[in-house]
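The block underneath contains the structure these notes are about, expressed in structure tokens.
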Amino acid sequence: MTLEVLYFAWVRERIGLPREQVETQAATVADLVAELIAREARYEAAFADISALRVALDQDLADFDAPLCGVREVAFFPPMTGG
Amino acid sequence: MTLEVLYFAWVRERIGLPREQVETQAATVADLVAELIAREARYEAAFADISALRVALDQDLADFDAPLCGVREVAFFPPMTGG
Amino acid sequence: MRVSVQAEAFDLGTELAGFGSAGSTGAVVTFTGVVRDETGTLEALEIEHYAGMTTRAITEIAQKAQARWDLSDVLVIHRYGVLGVGAPIMMVATASAHRAAAFEAAEYLMDYLKSRAPFWKKEVRSEGAQWVAAKHADQDALDRW
Amino acid sequence: MRVSVQAEAFDLGTELAGFGSAGSTGAVVTFTGVVRDETGTLEALEIEHYAGMTTRAITEIAQKAQARWDLSDVLVIHRYGVLGVGAPIMMVATASAHRAAAFEAAEYLMDYLKSRAPFWKKEVRSEGAQWVAAKHADQDALDRW
């Protein structure tokens, strides 16, 4: 499947781009993260501490063990600091 | 001594005037209230339930057993309902 | 700090111009009380006050809030006289570095104004006028501070 | 209910025109977040957001507040982009018959916006730029609801 993967704040800065299309067979978010980390050091730097990150699937907050079946958009970002 | 006595809200309406000068030797607020009650039925109506009233001495909230020595202005009113 | 007791209406936006303009202000909370008419029978709200005492009582309450929280600004406006449905009755505004202090100070001001500032409300309806009774809940609200 | 995610500045008074105009409104609470600079070294605050998600996330938070309290109106505005010191970042407004509901709902909205709406702040100073870290206190604030 092809996923639209988005990055925000320092995750975006470490990876060096705001979004990309990823062709993957990953079953869960955690599997996708493992695939990305295996690619290049910049992904490893961004995903070094998963507990410091949040993920949204199709614009809804989700957990890292959530399945990717049927998902089109995955977003990774640090904890929000709005308000 | 001569006291300036003020009435507000339904206390004012029952007594029928907003303020008056009272010549008195009352030692405390409670003594003054007793004197006023003895005067006329309208004062009795206003002061029937002292627990439903508040008193201020020279524009500071006070108790009914407070002394009147040195006081110039006494105000009687129901619990406040501002805000 | 600014305290105003007035008959005139006020506009929240106008009153807040320049409010809390210190660089340390990160949070501004406002409360506005409005004449409410849930039954559709209210003709007017009459607010009586003890002119010699109101500004002084409100100033003391505002000073207590300033002593308790780190506030960069405080504003209290309270009207008296005859007000129609939907009219603003009073407002408070608090400015602080952080939101918790601004919220708490505004609630503190409201709780004390309700029970300690010398204003009395009378509801005028077609069937007659009636003084608003003080609520036990308003008195109890002071216990949390 | 109105939710706006925008780059433009907003004026509290203008935004509140007509807000909570139902006859049942007795209390209006507003919170405004302002760019703060306690050290005098802040050049700008940059706010990034997840455009596809922000309006939706805020709307869900506002709906939860409406389900929990009897609110006659709710307004949330949140800006993104580059903001200077003293500039308004965001605001919430709540209208209700009674003050407790208006205060609680405004605090609830703030607590959830802080931790659940996809905005990220970066402080730009002469010595460099730094992403603002999420506070444990903000996360903990959710536990009270």
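Chain labels A, B, ... are given in the sequence in which chains occur in the structure tokens; within each chain residues are numbered consecutively from 1, and ligands are likewise numbered from 1 in the order shown.
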Enumerate as number ranges by chain the residues belonging to chain C that approach chain D to within 7 Å, with only C-alpha atoms taken into account.
C: 12-13, 21, 23-38, 86
Using only C-alpha atoms, find each residue of chain D with at least one atom at most 6 Å away from an atom of chain A; report its shortest atom-to-atom pair and that distance in Å (one decimal), sort the rows by chain and rising residue number, and return the result as a Markdown table.
| residue | atom | partner | partner_atom | distance |
| --- | --- | --- | --- | --- |
| D:Met53 | CA | A:Gln59 | CA | 5.1 |
| D:Leu113 | CA | A:Gly83 | CA | 5.6 |
| D:Lys114 | CA | A:Gly83 | CA | 4.8 |
| D:Ser115 | CA | A:Met80 | CA | 5.3 |
| D:Pro118 | CA | A:Met80 | CA | 5.5 |
| D:Phe119 | CA | A:Gly82 | CA | 4.7 |
| D:Trp120 | CA | A:Thr81 | CA | 4.9 |
| D:Ala134 | CA | A:Thr81 | CA | 5.6 |
So how many Å separate CA of Glu4 in chain B and CA of Arg19 in chain B, to one decimal?
7.1 Å
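Closest approach to Ile77 in chain D from the set D:Arg56, D:His49, D:Arg144, D:Arg2 is made by D:Arg2, with distances taken over only C-alpha atoms.
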Using only C-alpha atoms, determine which residues lie at most 7 Å from Phe64 in chain A, disregarding the query and same-chain residues fewer than 2 positions distant; provide the list as a PyMOL selection string.
chain A and resi 29-30+55+62+66
Dump as a CSV table (one decimal), in the first residue's frame, selection limited to N, CA, C and O atoms:
chain,number,residue,atom,x,y,z
A,29,VAL,N,1.8,0.8,13.0
A,29,VAL,CA,2.6,2.0,13.1
A,29,VAL,C,4.0,1.6,13.5
A,29,VAL,O,5.0,2.1,12.9
A,30,ALA,N,4.1,0.8,14.5
A,30,ALA,CA,5.4,0.4,15.0
A,30,ALA,C,6.3,-0.3,13.9
A,30,ALA,O,7.5,0.0,13.8
A,55,VAL,N,1.4,9.9,17.3
A,55,VAL,CA,1.1,9.6,15.9
A,55,VAL,C,-0.4,9.8,15.7
A,55,VAL,O,-1.3,9.6,16.6
A,62,ALA,N,-3.6,8.2,17.6
A,62,ALA,CA,-3.7,6.7,17.7
A,62,ALA,C,-2.5,6.3,18.5
A,62,ALA,O,-1.6,7.1,18.9
A,66,ALA,N,-1.3,0.5,16.7
A,66,ALA,CA,-2.5,0.5,15.9
A,66,ALA,C,-2.2,-0.1,14.5
A,66,ALA,O,-1.1,0.2,13.9
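From CA of Val74 in chain B back to CA of Ile50 in chain B, the distance works out to 14.9 Å.
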Would you compute the distance between CA of Tyr112 in chain C and CA of Trp69 in chain C? Give it in Å to one decimal.
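Value for the CA of Tyr112 in chain C-CA of Trp69 in chain C distance: 15.1 Å.
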Quick one: everything within 12 Å of Gly70 in chain A, counting only C-alpha atoms, minus sequence neighbours fewer than 5 positions away in the same chain. Send it as a PDB file with N, CA and C atoms, in the first residue's frame.
ATOM      1  N   MET A   1       0.848  -1.205   0.000  1.00  0.00           N
ATOM      2  CA  MET A   1       0.000   0.000   0.000  1.00  0.00           C
ATOM      3  C   MET A   1       0.875   1.244   0.000  1.00  0.00           C
ATOM      4  N   THR A   2       0.290   2.376  -0.449  1.00  0.00           N
ATOM      5  CA  THR A   2       1.010   3.651  -0.434  1.00  0.00           C
ATOM      6  C   THR A   2       0.432   4.545   0.653  1.00  0.00           C
ATOM      7  N   LEU A   3       1.295   4.961   1.556  1.00  0.00           N
ATOM      8  CA  LEU A   3       0.865   5.835   2.651  1.00  0.00           C
ATOM      9  C   LEU A   3       1.398   7.246   2.430  1.00  0.00           C
ATOM     10  N   GLN A  25       4.469  -2.537   3.414  1.00  0.00           N
ATOM     11  CA  GLN A  25       3.551  -3.624   3.778  1.00  0.00           C
ATOM     12  C   GLN A  25       3.408  -3.689   5.296  1.00  0.00           C
ATOM     13  N   ALA A  26       3.870  -2.649   6.007  1.00  0.00           N
ATOM     14  CA  ALA A  26       3.842  -2.629   7.473  1.00  0.00           C
ATOM     15  C   ALA A  26       2.422  -2.856   7.988  1.00  0.00           C
ATOM     16  N   ALA A  27       2.302  -3.714   9.008  1.00  0.00           N
ATOM     17  CA  ALA A  27       0.978  -4.023   9.556  1.00  0.00           C
ATOM     18  C   ALA A  27       0.540  -2.997  10.596  1.00  0.00           C
ATOM     19  N   THR A  28       1.516  -2.467  11.324  1.00  0.00           N
ATOM     20  CA  THR A  28       1.196  -1.498  12.391  1.00  0.00           C
ATOM     21  C   THR A  28       2.081  -0.263  12.259  1.00  0.00           C
ATOM     22  N   LEU A  57      -3.518   8.784  12.782  1.00  0.00           N
ATOM     23  CA  LEU A  57      -3.890   8.020  11.589  1.00  0.00           C
ATOM     24  C   LEU A  57      -5.126   8.661  10.983  1.00  0.00           C
ATOM     25  N   ASP A  58      -5.003   9.094   9.747  1.00  0.00           N
ATOM     26  CA  ASP A  58      -6.097   9.815   9.094  1.00  0.00           C
ATOM     27  C   ASP A  58      -6.658  10.908  10.002  1.00  0.00           C
TER      28      ASP A  58
END
Set the distance at 10 Å and use only C-alpha atoms: which residues neighbour Ile61 in chain C once local chain neighbours fewer than 3 positions away are removed? I'd like the list as number ranges by chain.
C: 55-58, 64-67, 76, 108-113, 116-117
Save out the residues we just selected, N, CA and C atoms, as a CSV table (one decimal), in the first residue's frame.
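Final output, saved to part.csv:
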chain,number,residue,atom,x,y,z
C,55,THR,N,-16.6,51.1,45.6
C,55,THR,CA,-15.3,51.1,45.0
C,55,THR,C,-14.2,50.6,46.0
C,56,ARG,N,-14.4,51.0,47.3
C,56,ARG,CA,-13.5,50.6,48.3
C,56,ARG,C,-13.5,49.1,48.5
C,57,ALA,N,-14.7,48.5,48.6
C,57,ALA,CA,-14.9,47.1,48.8
C,57,ALA,C,-14.3,46.3,47.6
C,58,ILE,N,-14.5,46.8,46.4
C,58,ILE,CA,-14.0,46.1,45.2
C,58,ILE,C,-12.5,46.2,45.2
C,64,LYS,N,-6.5,41.8,47.4
C,64,LYS,CA,-6.3,40.4,47.9
C,64,LYS,C,-5.9,39.5,46.8
C,65,ALA,N,-6.6,39.6,45.6
C,65,ALA,CA,-6.3,38.7,44.5
C,65,ALA,C,-4.8,39.0,44.0
C,66,GLN,N,-4.4,40.2,44.0
C,66,GLN,CA,-3.0,40.5,43.6
C,66,GLN,C,-2.0,40.0,44.6
C,67,ALA,N,-2.4,40.0,45.9
C,67,ALA,CA,-1.4,39.5,46.9
C,67,ALA,C,-1.3,37.9,46.7
C,76,VAL,N,-11.8,45.6,37.2
C,76,VAL,CA,-13.2,45.3,37.6
C,76,VAL,C,-14.1,46.4,37.3
C,108,TYR,N,-11.9,33.8,41.8
C,108,TYR,CA,-11.8,34.4,43.1
C,108,TYR,C,-12.5,35.8,43.2
C,109,LEU,N,-12.1,36.6,42.2
C,109,LEU,CA,-12.8,37.9,42.2
C,109,LEU,C,-14.3,37.8,42.1
C,110,MET,N,-14.8,36.9,41.2
C,110,MET,CA,-16.2,36.8,41.1
C,110,MET,C,-16.9,36.3,42.3
C,111,ASP,N,-16.2,35.3,43.0
C,111,ASP,CA,-16.8,34.7,44.2
C,111,ASP,C,-16.9,35.8,45.3
C,112,TYR,N,-15.9,36.6,45.4
C,112,TYR,CA,-15.9,37.7,46.5
C,112,TYR,C,-16.8,38.8,46.1
C,113,LEU,N,-16.9,39.2,44.8
C,113,LEU,CA,-17.8,40.3,44.4
C,113,LEU,C,-19.2,39.9,44.7
C,116,ARG,N,-19.4,40.0,48.8
C,116,ARG,CA,-18.8,41.0,49.6
C,116,ARG,C,-18.8,42.4,49.0
C,117,ALA,N,-19.3,42.6,47.8
C,117,ALA,CA,-19.4,43.9,47.3
C,117,ALA,C,-20.9,44.3,47.4
Which residues are close to range 31-38 of chain B, i.e. within 8 Å by only C-alpha atoms, leaving aside same-chain residues fewer than 6 positions away? Reply as a list in words.
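Surrounding residues, per the criterion: Thr24, Glu44 and Phe47 of chain B.
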For the residues selected in the previous step, produce a file with N, CA and C atoms as a PDB file, in the first residue's frame.
ATOM      1  N   THR B  24     -28.321  58.629  69.524  1.00  0.00           N
ATOM      2  CA  THR B  24     -28.377  57.395  70.329  1.00  0.00           C
ATOM      3  C   THR B  24     -27.217  57.305  71.317  1.00  0.00           C
ATOM      4  N   GLU B  44     -39.475  47.262  63.149  1.00  0.00           N
ATOM      5  CA  GLU B  44     -39.621  45.883  63.602  1.00  0.00           C
ATOM      6  C   GLU B  44     -39.692  44.948  62.392  1.00  0.00           C
ATOM      7  N   PHE B  47     -36.176  44.635  60.838  1.00  0.00           N
ATOM      8  CA  PHE B  47     -35.159  43.950  61.642  1.00  0.00           C
ATOM      9  C   PHE B  47     -35.662  42.647  62.279  1.00  0.00           C
TER      10      PHE B  47
END
Run DSSP on the backbone of this structure and report the residues of range 4-71 of chain B it assigns to helix (DSSP H, G or I), as a list in words.
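These are the residues in question: Ala9, Trp10, Val11, Arg12, Glu13, Arg14, Ile15, Val29, Ala30, Asp31, Leu32, Val33, Ala34, Glu35, Leu36, Ile37, Ala38, Arg39, Ala41, Arg42, Tyr43, Glu44, Ala45, Ala46, Ile50, Ser51 and Ala52 of chain B.
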